[in-house]
$ cat structure_15.txt   # compact mmCIF, C-alpha atoms and all ligand atoms
# COMPACT_ATOMS: atom_id res chain seq x y z
CA MET A 142 75.53 3.27 -73.20
CA ARG A 143 78.58 1.29 -72.06
CA GLU A 144 79.69 1.72 -68.49
CA ARG A 145 82.18 4.56 -68.17
CA ILE A 146 85.21 3.66 -66.12
CA LEU A 147 87.94 5.84 -64.67
CA ALA A 148 91.39 4.24 -64.65
CA PRO A 149 93.81 6.41 -62.66
CA SER A 150 97.42 5.82 -63.73
CA ILE A 151 99.70 5.33 -60.74
CA LEU A 152 102.66 6.54 -62.81
CA SER A 153 101.80 10.01 -61.49
CA ALA A 154 101.09 8.92 -57.90
CA ASP A 155 103.18 9.70 -54.85
CA PHE A 156 105.00 6.38 -54.36
CA THR A 157 105.81 7.14 -50.74
CA LYS A 158 102.10 6.78 -49.99
CA LEU A 159 100.85 4.52 -52.71
CA GLY A 160 98.49 2.56 -50.45
CA GLU A 161 96.68 5.72 -49.35
CA GLU A 162 96.47 7.03 -52.91
CA ILE A 163 94.85 3.79 -54.07
CA GLU A 164 92.36 3.87 -51.19
CA LEU A 165 91.38 7.41 -52.19
CA ILE A 166 90.69 6.61 -55.83
CA GLU A 167 88.74 3.48 -54.87
CA LYS A 168 86.66 5.51 -52.43
CA ALA A 169 86.01 8.07 -55.16
CA GLY A 170 84.59 5.34 -57.40
CA ALA A 171 87.41 4.46 -59.81
CA LYS A 172 87.00 0.87 -61.00
CA TYR A 173 90.41 0.29 -62.59
CA LEU A 174 93.96 1.08 -61.59
CA HIS A 175 96.11 1.68 -64.65
CA PHE A 176 99.59 0.17 -64.25
CA ASP A 177 102.12 1.43 -66.83
CA VAL A 178 105.05 -0.91 -67.41
CA MET A 179 107.95 0.59 -69.40
CA ASP A 180 111.16 -1.12 -70.44
CA GLY A 181 113.38 1.69 -71.71
CA MET A 182 113.32 0.04 -75.15
CA PHE A 183 109.83 0.32 -76.63
CA VAL A 184 109.54 3.65 -74.82
CA PRO A 185 112.36 5.88 -73.59
CA SER A 186 111.60 5.57 -69.88
CA ILE A 187 111.62 2.76 -67.31
CA SER A 188 108.84 2.55 -64.73
CA PHE A 189 108.04 -0.47 -62.54
CA GLY A 190 107.15 -4.13 -62.86
CA MET A 191 106.01 -7.34 -61.21
CA PRO A 192 107.10 -6.79 -57.57
CA VAL A 193 105.24 -3.47 -57.37
CA LEU A 194 102.13 -5.02 -58.94
CA LYS A 195 102.28 -7.90 -56.48
CA SER A 196 102.34 -5.67 -53.43
CA ILE A 197 99.55 -3.42 -54.74
CA LYS A 198 97.43 -6.48 -55.41
CA LYS A 199 97.74 -7.53 -51.77
CA ALA A 200 96.40 -4.17 -50.65
CA THR A 201 93.41 -3.70 -52.98
CA HIS A 202 90.65 -5.45 -54.91
CA ILE A 203 90.58 -2.88 -57.70
CA VAL A 204 90.93 -4.20 -61.26
CA MET A 205 94.60 -4.01 -62.27
CA ASP A 206 94.64 -2.62 -65.81
CA THR A 207 98.16 -3.47 -66.91
CA HIS A 208 99.59 -1.57 -69.87
CA LEU A 209 102.73 -3.23 -71.18
CA MET A 210 104.92 -0.76 -73.07
CA ILE A 211 107.66 -3.32 -73.56
CA GLU A 212 109.37 -5.16 -76.40
CA LYS A 213 108.40 -8.83 -76.82
CA PRO A 214 105.68 -8.71 -74.15
CA GLU A 215 105.03 -12.44 -74.64
CA ARG A 216 108.08 -13.08 -72.42
CA TYR A 217 106.31 -11.69 -69.36
CA LEU A 218 102.59 -12.44 -69.68
CA GLU A 219 102.57 -15.30 -67.22
CA TYR A 220 104.55 -13.33 -64.64
CA PHE A 221 102.19 -10.36 -64.81
CA VAL A 222 99.19 -12.63 -64.41
CA LYS A 223 100.82 -14.34 -61.41
CA SER A 224 101.58 -10.92 -59.93
CA GLY A 225 97.94 -9.83 -60.11
CA ALA A 226 97.11 -8.36 -63.53
CA ASP A 227 93.37 -8.62 -64.33
CA LEU A 228 93.59 -7.11 -67.80
CA ILE A 229 96.72 -6.98 -69.94
CA SER A 230 97.18 -4.65 -72.89
CA VAL A 231 100.03 -5.24 -75.32
CA HIS A 232 101.05 -2.91 -78.14
CA ILE A 233 100.33 -3.93 -81.73
CA GLU A 234 103.72 -2.40 -82.64
CA THR A 235 105.52 -4.98 -80.47
CA LEU A 236 103.85 -8.13 -81.81
CA ASP A 237 105.17 -10.42 -84.55
CA ASP A 238 102.18 -12.73 -84.21
CA PRO A 239 99.33 -10.69 -82.68
CA GLU A 240 96.79 -13.49 -82.91
CA LYS A 241 98.95 -15.89 -80.92
CA VAL A 242 99.85 -13.41 -78.20
CA LEU A 243 96.25 -12.23 -77.77
CA LYS A 244 95.05 -15.82 -77.52
CA ASP A 245 97.80 -16.60 -75.01
CA ILE A 246 96.61 -13.72 -72.80
CA ARG A 247 93.05 -15.09 -73.01
CA ASP A 248 94.29 -18.59 -72.09
CA LEU A 249 95.95 -17.18 -68.99
CA GLY A 250 92.47 -16.26 -67.75
CA VAL A 251 92.66 -12.46 -67.81
CA LYS A 252 91.04 -9.82 -69.99
CA VAL A 253 92.75 -8.98 -73.25
CA GLY A 254 93.70 -5.48 -74.39
CA LEU A 255 95.40 -4.25 -77.54
CA ALA A 256 97.13 -0.86 -77.54
CA ILE A 257 98.02 1.37 -80.47
CA ASN A 258 100.38 4.34 -80.72
CA PRO A 259 99.41 7.71 -82.24
CA GLU A 260 101.44 7.19 -85.42
CA THR A 261 100.17 3.67 -86.17
CA ASP A 262 97.29 3.31 -88.64
CA ILE A 263 94.15 2.33 -86.73
CA LYS A 264 93.29 -0.20 -89.47
CA GLU A 265 96.15 -2.37 -88.21
CA VAL A 266 94.07 -3.45 -85.21
CA PHE A 267 90.86 -4.18 -87.15
CA PRO A 268 91.68 -7.86 -87.85
CA TYR A 269 92.18 -8.56 -84.13
CA LEU A 270 89.16 -6.82 -82.60
CA ASN A 271 87.29 -10.12 -82.27
CA LEU A 272 90.06 -11.46 -80.00
CA ILE A 273 90.07 -8.67 -77.43
CA ASP A 274 88.01 -7.12 -74.62
CA MET A 275 89.45 -3.63 -74.94
CA ILE A 276 91.23 -1.47 -77.46
CA LEU A 277 93.61 1.07 -75.94
CA VAL A 278 94.06 4.13 -78.13
CA MET A 279 97.13 6.13 -77.07
CA THR A 280 96.42 9.84 -77.18
CA VAL A 281 100.04 10.82 -76.45
CA HIS A 282 103.33 9.22 -77.48
CA PRO A 283 103.83 6.65 -74.72
CA GLY A 284 106.64 7.01 -72.24
CA PHE A 285 105.73 9.77 -69.83
CA GLY A 286 102.82 11.14 -67.85
CA GLY A 287 101.76 14.76 -68.03
CA GLN A 288 101.88 15.22 -71.83
CA LYS A 289 99.39 17.11 -73.97
CA TYR A 290 96.46 15.24 -75.57
CA ILE A 291 96.98 14.79 -79.34
CA HIS A 292 93.67 15.85 -80.89
CA GLU A 293 94.28 13.94 -84.15
CA CYS A 294 93.87 10.72 -82.14
CA THR A 295 90.20 11.48 -81.53
CA ASP A 296 89.52 10.44 -85.13
CA LYS A 297 91.12 7.06 -84.41
CA VAL A 298 88.71 6.54 -81.54
CA LYS A 299 85.80 7.32 -83.90
CA ALA A 300 87.17 5.00 -86.57
CA VAL A 301 87.66 2.06 -84.23
CA LYS A 302 84.24 2.62 -82.66
CA ALA A 303 82.65 2.47 -86.13
CA GLU A 304 84.55 -0.71 -86.94
CA ILE A 305 83.56 -2.35 -83.62
CA GLU A 306 79.93 -1.63 -84.48
CA ARG A 307 80.36 -2.84 -88.04
CA GLN A 308 81.73 -6.15 -86.75
CA GLY A 309 78.98 -6.34 -84.12
CA LEU A 310 81.45 -6.65 -81.23
CA ASP A 311 81.16 -5.84 -77.57
CA ILE A 312 84.46 -4.27 -76.50
CA ASP A 313 85.65 -1.30 -74.48
CA ILE A 314 87.58 1.63 -75.87
CA GLU A 315 90.21 3.03 -73.51
CA VAL A 316 92.03 6.30 -74.13
CA ASP A 317 95.37 7.06 -72.50
CA GLY A 318 97.37 10.26 -72.33
CA GLY A 319 96.57 13.90 -71.66
CA LEU A 320 93.04 13.19 -70.40
CA GLY A 321 91.58 15.65 -67.92
CA LYS A 322 88.79 18.14 -67.48
CA GLU A 323 89.50 19.86 -70.82
CA THR A 324 89.84 16.77 -73.00
CA LEU A 325 87.55 14.23 -71.40
CA LYS A 326 84.42 15.18 -73.30
CA GLU A 327 86.12 15.03 -76.70
CA ALA A 328 87.24 11.44 -76.07
CA LEU A 329 83.89 10.34 -74.59
CA ASP A 330 81.94 11.89 -77.46
CA ALA A 331 84.15 10.01 -79.92
CA GLY A 332 83.21 6.72 -78.27
CA ALA A 333 85.75 6.05 -75.52
CA ASN A 334 84.35 4.59 -72.29
CA VAL A 335 87.49 3.83 -70.24
CA ILE A 336 89.47 6.92 -69.31
CA VAL A 337 93.06 6.72 -68.11
CA ALA A 338 94.15 9.77 -66.14
CA GLY A 339 97.50 10.16 -64.39
CA SER A 340 98.38 13.76 -63.63
CA ALA A 341 94.72 14.86 -63.72
CA VAL A 342 94.01 12.53 -60.78
CA PHE A 343 97.23 12.43 -58.78
CA GLY A 344 98.27 16.05 -59.28
CA GLY A 345 96.88 17.84 -56.21
CA ASP A 346 93.91 16.50 -54.25
CA THR A 347 93.61 12.91 -55.47
CA TYR A 348 90.16 12.22 -54.03
CA ALA A 349 88.62 15.50 -55.20
CA ASN A 350 90.14 15.12 -58.68
CA ALA A 351 88.81 11.58 -59.11
CA VAL A 352 85.34 12.57 -57.88
CA GLU A 353 85.26 15.55 -60.24
CA LEU A 354 86.33 13.54 -63.28
CA LEU A 355 83.84 10.76 -62.53
CA GLY A 356 81.12 13.37 -62.11
CA MET A 357 81.93 14.78 -65.53
CA MET A 358 82.04 11.31 -67.08
CA ASN A 359 78.63 10.37 -65.79
CA SER A 360 76.75 13.62 -66.32
C1 LIG B 401 101.96 7.22 -70.93
C2 LIG B 401 101.18 6.25 -70.07
C3 LIG B 401 100.00 6.88 -69.46
C4 LIG B 401 100.30 8.02 -68.51
C5 LIG B 401 99.16 8.98 -68.62
O1 LIG B 401 102.93 6.55 -71.62
O2 LIG B 401 100.74 5.16 -70.85
O3 LIG B 401 99.17 5.91 -68.83
O4 LIG B 401 100.47 7.63 -67.18
O5 LIG B 401 99.47 10.12 -67.89
P1 LIG B 401 98.67 11.48 -68.08
O6 LIG B 401 97.24 11.21 -67.74
O7 LIG B 401 99.33 12.40 -67.10
O8 LIG B 401 98.85 11.91 -69.50
ZN ZN B 402 99.18 3.78 -69.96
$ encode --input "structure_15.txt" --output "structure tokens"
Amino acid sequence: MRERILAPSILSADFTKLGEEIELIEKAGAKYLHFDVMDGMFVPSISFGMPVLKSIKKATHIVMDTHLMIEKPERYLEYFVKSGADLISVHIETLDDPEKVLKDIRDLGVKVGLAINPETDIKEVFPYLNLIDMILVMTVHPGFGGQKYIHECTDKVKAVKAEIERQGLDIDIEVDGGLGKETLKEALDAGANVIVAGSAVFGGDTYANAVELLGMMNS
């Protein structure tokens, strides 16, 4: 079985004590920190960008899992790498030339992720699976934390898992949106191994939440 990784999304963290929150999730055993970048164009909201990433990077060694929900992400790849991204996911919906952009991310020396929205046909990513380290299946419409998991997306996880196997590839499947105690198992059973969780981790007792989710993931 592939390693199961928890990727808490700091979108739902308390920004007045971000350093402490990150320490807690690291101590609990989370391996990634999910960093949601929003531009107010590809998604309705605006979140944070390079300066925030840069200061987090100074304070932690955790893998920075950077999710770019922005138009024309190719404009910013180099800046996100310089600011500390270890893995960059771009949305298939934003790319005119997916092959070029995915190769450019690889050439910058970081891991390559490709994200897909709930309404986009999963087959659209099939031609690019051999160029990436991780496929990110959105399980809510991107833009905000705290939304409900869209169950129809579970079938997309199954479909992409089957295609990864068919092509004989070795890549992670990350799910993002509405993941928590009630929905975790459905996504894991479908084949996901990287779990993004925002409100389920940072809502309430951060450490206890992360420990509980990791316990469920590895039982
Ligand atoms: C949504 C973001 C998610 C979000 C998940 O657009 O991509 O990463 O933070 O939040 P929850 O886990 O609360 O659905
Ligand atoms: Zn995300």
$ atom_distance --input "structure_15.txt" --atom1 "atom CA of A:Lys302" --atom2 "atom CA of A:Ala333"
8.1 Å
$ residues_near_ligand --input "structure_15.txt" --ligand "ligand LIG 401 (chain B)" --cutoff "7 Å" --atoms "all atoms listed in the file" --output "list in words"
Ser150, Ile151, Leu152, Ser153, His175, Asp177, His208, Val281, His282, Pro283, Gly284, Phe285, Gly286, Gly287, Gln288, Lys289, Asp317, Gly318, Gly319, Leu320, Val337, Ala338, Gly339, Ser340 and Ala341 of chain A
$ write_last_selection --input "structure_15.txt" --atoms "C-alpha atoms" --output "PDB file, in the frame of the given file"
ATOM      1  CA  SER A 150      97.420   5.820 -63.730  1.00  0.00           C
ATOM      2  CA  ILE A 151      99.700   5.330 -60.740  1.00  0.00           C
ATOM      3  CA  LEU A 152     102.660   6.540 -62.810  1.00  0.00           C
ATOM      4  CA  SER A 153     101.800  10.010 -61.490  1.00  0.00           C
ATOM      5  CA  HIS A 175      96.110   1.680 -64.650  1.00  0.00           C
ATOM      6  CA  ASP A 177     102.120   1.430 -66.830  1.00  0.00           C
ATOM      7  CA  HIS A 208      99.590  -1.570 -69.870  1.00  0.00           C
ATOM      8  CA  VAL A 281     100.040  10.820 -76.450  1.00  0.00           C
ATOM      9  CA  HIS A 282     103.330   9.220 -77.480  1.00  0.00           C
ATOM     10  CA  PRO A 283     103.830   6.650 -74.720  1.00  0.00           C
ATOM     11  CA  GLY A 284     106.640   7.010 -72.240  1.00  0.00           C
ATOM     12  CA  PHE A 285     105.730   9.770 -69.830  1.00  0.00           C
ATOM     13  CA  GLY A 286     102.820  11.140 -67.850  1.00  0.00           C
ATOM     14  CA  GLY A 287     101.760  14.760 -68.030  1.00  0.00           C
ATOM     15  CA  GLN A 288     101.880  15.220 -71.830  1.00  0.00           C
ATOM     16  CA  LYS A 289      99.390  17.110 -73.970  1.00  0.00           C
ATOM     17  CA  ASP A 317      95.370   7.060 -72.500  1.00  0.00           C
ATOM     18  CA  GLY A 318      97.370  10.260 -72.330  1.00  0.00           C
ATOM     19  CA  GLY A 319      96.570  13.900 -71.660  1.00  0.00           C
ATOM     20  CA  LEU A 320      93.040  13.190 -70.400  1.00  0.00           C
ATOM     21  CA  VAL A 337      93.060   6.720 -68.110  1.00  0.00           C
ATOM     22  CA  ALA A 338      94.150   9.770 -66.140  1.00  0.00           C
ATOM     23  CA  GLY A 339      97.500  10.160 -64.390  1.00  0.00           C
ATOM     24  CA  SER A 340      98.380  13.760 -63.630  1.00  0.00           C
ATOM     25  CA  ALA A 341      94.720  14.860 -63.720  1.00  0.00           C
TER      26      ALA A 341
END
$ atom_distance --input "structure_15.txt" --atom1 "atom CA of A:Asn334" --atom2 "atom CA of A:Val231"
18.8 Å
$ closest_residue --input "structure_15.txt" --among "A:Ile336, A:Leu329, A:Ala226, A:Ile257" --to "A:Val204" --atoms "all atoms listed in the file"
A:Ala226
$ closest_residue --input "structure_15.txt" --among "A:Glu327, A:Asp180, A:Asp206, A:Glu306" --to "ligand ZN 402 (chain B)" --atoms "all atoms listed in the file"
A:Asp206
$ residues_around --input "structure_15.txt" --residues "A:Thr201" --least-positions-apart "2" --cutoff "10 Å" --atoms "only C-alpha atoms" --output "ChimeraX atom specification"
/A:160,163-164,167,174,196-199,203-205
$ residues_around --input "structure_15.txt" --residues "A:Ile305" --least-positions-apart "4" --cutoff "9 Å" --atoms "all atoms listed in the file" --output "list in words"
Phe267, Leu270, Asn271, Ala300, Val301, Gly309, Leu310, Asp311 and Ile312 of chain A
$ closest_residue --input "structure_15.txt" --among "A:Met279, A:Thr235, A:Val352, A:Arg216" --to "ligand ZN 402 (chain B)" --atoms "only C-alpha atoms and all ligand atoms"
A:Met279
$ closest_residue --input "structure_15.txt" --among "A:Glu215, A:Asp227, A:Glu304, A:Glu315" --to "A:Lys241" --atoms "only C-alpha atoms"
A:Glu215
$ residues_around --input "structure_15.txt" --residues "A:Thr261" --least-positions-apart "2" --cutoff "10 Å" --atoms "all atoms listed in the file" --output "list of chain:residue names"
A:Ile233, A:Glu234, A:Ile257, A:Asn258, A:Pro259, A:Ile263, A:Lys264, A:Glu265, A:Val266, A:Met279, A:Lys297
$ residues_around --input "structure_15.txt" --residues "A:Glu240" --least-positions-apart "5" --cutoff "9 Å" --atoms "all atoms listed in the file" --output "PyMOL selection string"
chain A and resi 245+269+272
$ write_last_selection --input "structure_15.txt" --atoms "C-alpha atoms" --output "compact mmCIF listing (two decimals), keeping the file's coordinate frame"
# COMPACT_ATOMS: atom_id res chain seq x y z
CA ASP A 245 97.80 -16.60 -75.01
CA TYR A 269 92.18 -8.56 -84.13
CA LEU A 272 90.06 -11.46 -80.00
$ build_atoms --input "structure_15.txt" --residues "stretch 328-348 of chain A" --atoms "N, CA, C and O atoms" --output "short mmCIF file (atom, residue, chain, number, x, y, z; two decimals), keeping the file's coordinate frame"
data_model
loop_
_atom_site.label_atom_id
_atom_site.label_comp_id
_atom_site.auth_asym_id
_atom_site.auth_seq_id
_atom_site.Cartn_x
_atom_site.Cartn_y
_atom_site.Cartn_z
N ALA A 328 86.99 12.89 -75.95
CA ALA A 328 87.24 11.44 -76.07
C ALA A 328 85.95 10.64 -75.84
O ALA A 328 85.68 9.67 -76.56
N LEU A 329 85.15 11.05 -74.87
CA LEU A 329 83.89 10.34 -74.59
C LEU A 329 82.94 10.46 -75.78
O LEU A 329 82.33 9.48 -76.21
N ASP A 330 82.83 11.66 -76.32
CA ASP A 330 81.94 11.89 -77.46
C ASP A 330 82.35 11.05 -78.67
O ASP A 330 81.52 10.64 -79.48
N ALA A 331 83.65 10.81 -78.79
CA ALA A 331 84.15 10.01 -79.92
C ALA A 331 83.86 8.53 -79.73
O ALA A 331 83.94 7.75 -80.68
N GLY A 332 83.55 8.12 -78.48
CA GLY A 332 83.21 6.72 -78.27
C GLY A 332 84.01 6.01 -77.20
O GLY A 332 83.76 4.83 -76.92
N ALA A 333 84.97 6.70 -76.58
CA ALA A 333 85.75 6.05 -75.52
C ALA A 333 84.88 5.87 -74.28
O ALA A 333 84.03 6.72 -74.00
N ASN A 334 85.09 4.76 -73.55
CA ASN A 334 84.35 4.59 -72.29
C ASN A 334 85.26 4.25 -71.11
O ASN A 334 84.79 4.22 -69.97
N VAL A 335 86.54 4.02 -71.34
CA VAL A 335 87.49 3.83 -70.24
C VAL A 335 88.54 4.94 -70.34
O VAL A 335 89.22 5.07 -71.37
N ILE A 336 88.62 5.73 -69.28
CA ILE A 336 89.47 6.92 -69.31
C ILE A 336 90.66 6.75 -68.37
O ILE A 336 90.49 6.63 -67.15
N VAL A 337 91.85 6.74 -68.94
CA VAL A 337 93.06 6.72 -68.11
C VAL A 337 93.39 8.18 -67.76
O VAL A 337 93.32 9.04 -68.62
N ALA A 338 93.73 8.41 -66.52
CA ALA A 338 94.15 9.77 -66.14
C ALA A 338 95.21 9.67 -65.05
O ALA A 338 94.97 9.07 -64.00
N GLY A 339 96.40 10.18 -65.36
CA GLY A 339 97.50 10.16 -64.39
C GLY A 339 97.59 11.47 -63.66
O GLY A 339 97.09 11.61 -62.54
N SER A 340 98.17 12.47 -64.32
CA SER A 340 98.38 13.76 -63.63
C SER A 340 97.07 14.44 -63.26
O SER A 340 97.00 15.14 -62.25
N ALA A 341 96.01 14.21 -64.03
CA ALA A 341 94.72 14.86 -63.72
C ALA A 341 94.12 14.30 -62.43
O ALA A 341 93.30 14.95 -61.80
N VAL A 342 94.52 13.09 -62.03
CA VAL A 342 94.01 12.53 -60.78
C VAL A 342 95.00 12.77 -59.64
O VAL A 342 94.64 13.27 -58.57
N PHE A 343 96.27 12.42 -59.88
CA PHE A 343 97.23 12.43 -58.78
C PHE A 343 97.96 13.76 -58.59
O PHE A 343 98.76 13.90 -57.68
N GLY A 344 97.68 14.73 -59.47
CA GLY A 344 98.27 16.05 -59.28
C GLY A 344 97.35 16.87 -58.38
O GLY A 344 96.28 17.26 -58.82
N GLY A 345 97.73 17.07 -57.13
CA GLY A 345 96.88 17.84 -56.21
C GLY A 345 96.07 16.93 -55.31
O GLY A 345 96.58 15.94 -54.80
N ASP A 346 94.78 17.25 -55.16
CA ASP A 346 93.91 16.50 -54.25
C ASP A 346 93.34 15.28 -54.98
O ASP A 346 92.38 15.38 -55.74
N THR A 347 93.95 14.13 -54.74
CA THR A 347 93.61 12.91 -55.47
C THR A 347 92.11 12.58 -55.41
O THR A 347 91.48 12.31 -56.43
N TYR A 348 91.57 12.60 -54.19
CA TYR A 348 90.16 12.22 -54.03
C TYR A 348 89.25 13.19 -54.78
O TYR A 348 88.39 12.78 -55.57
#
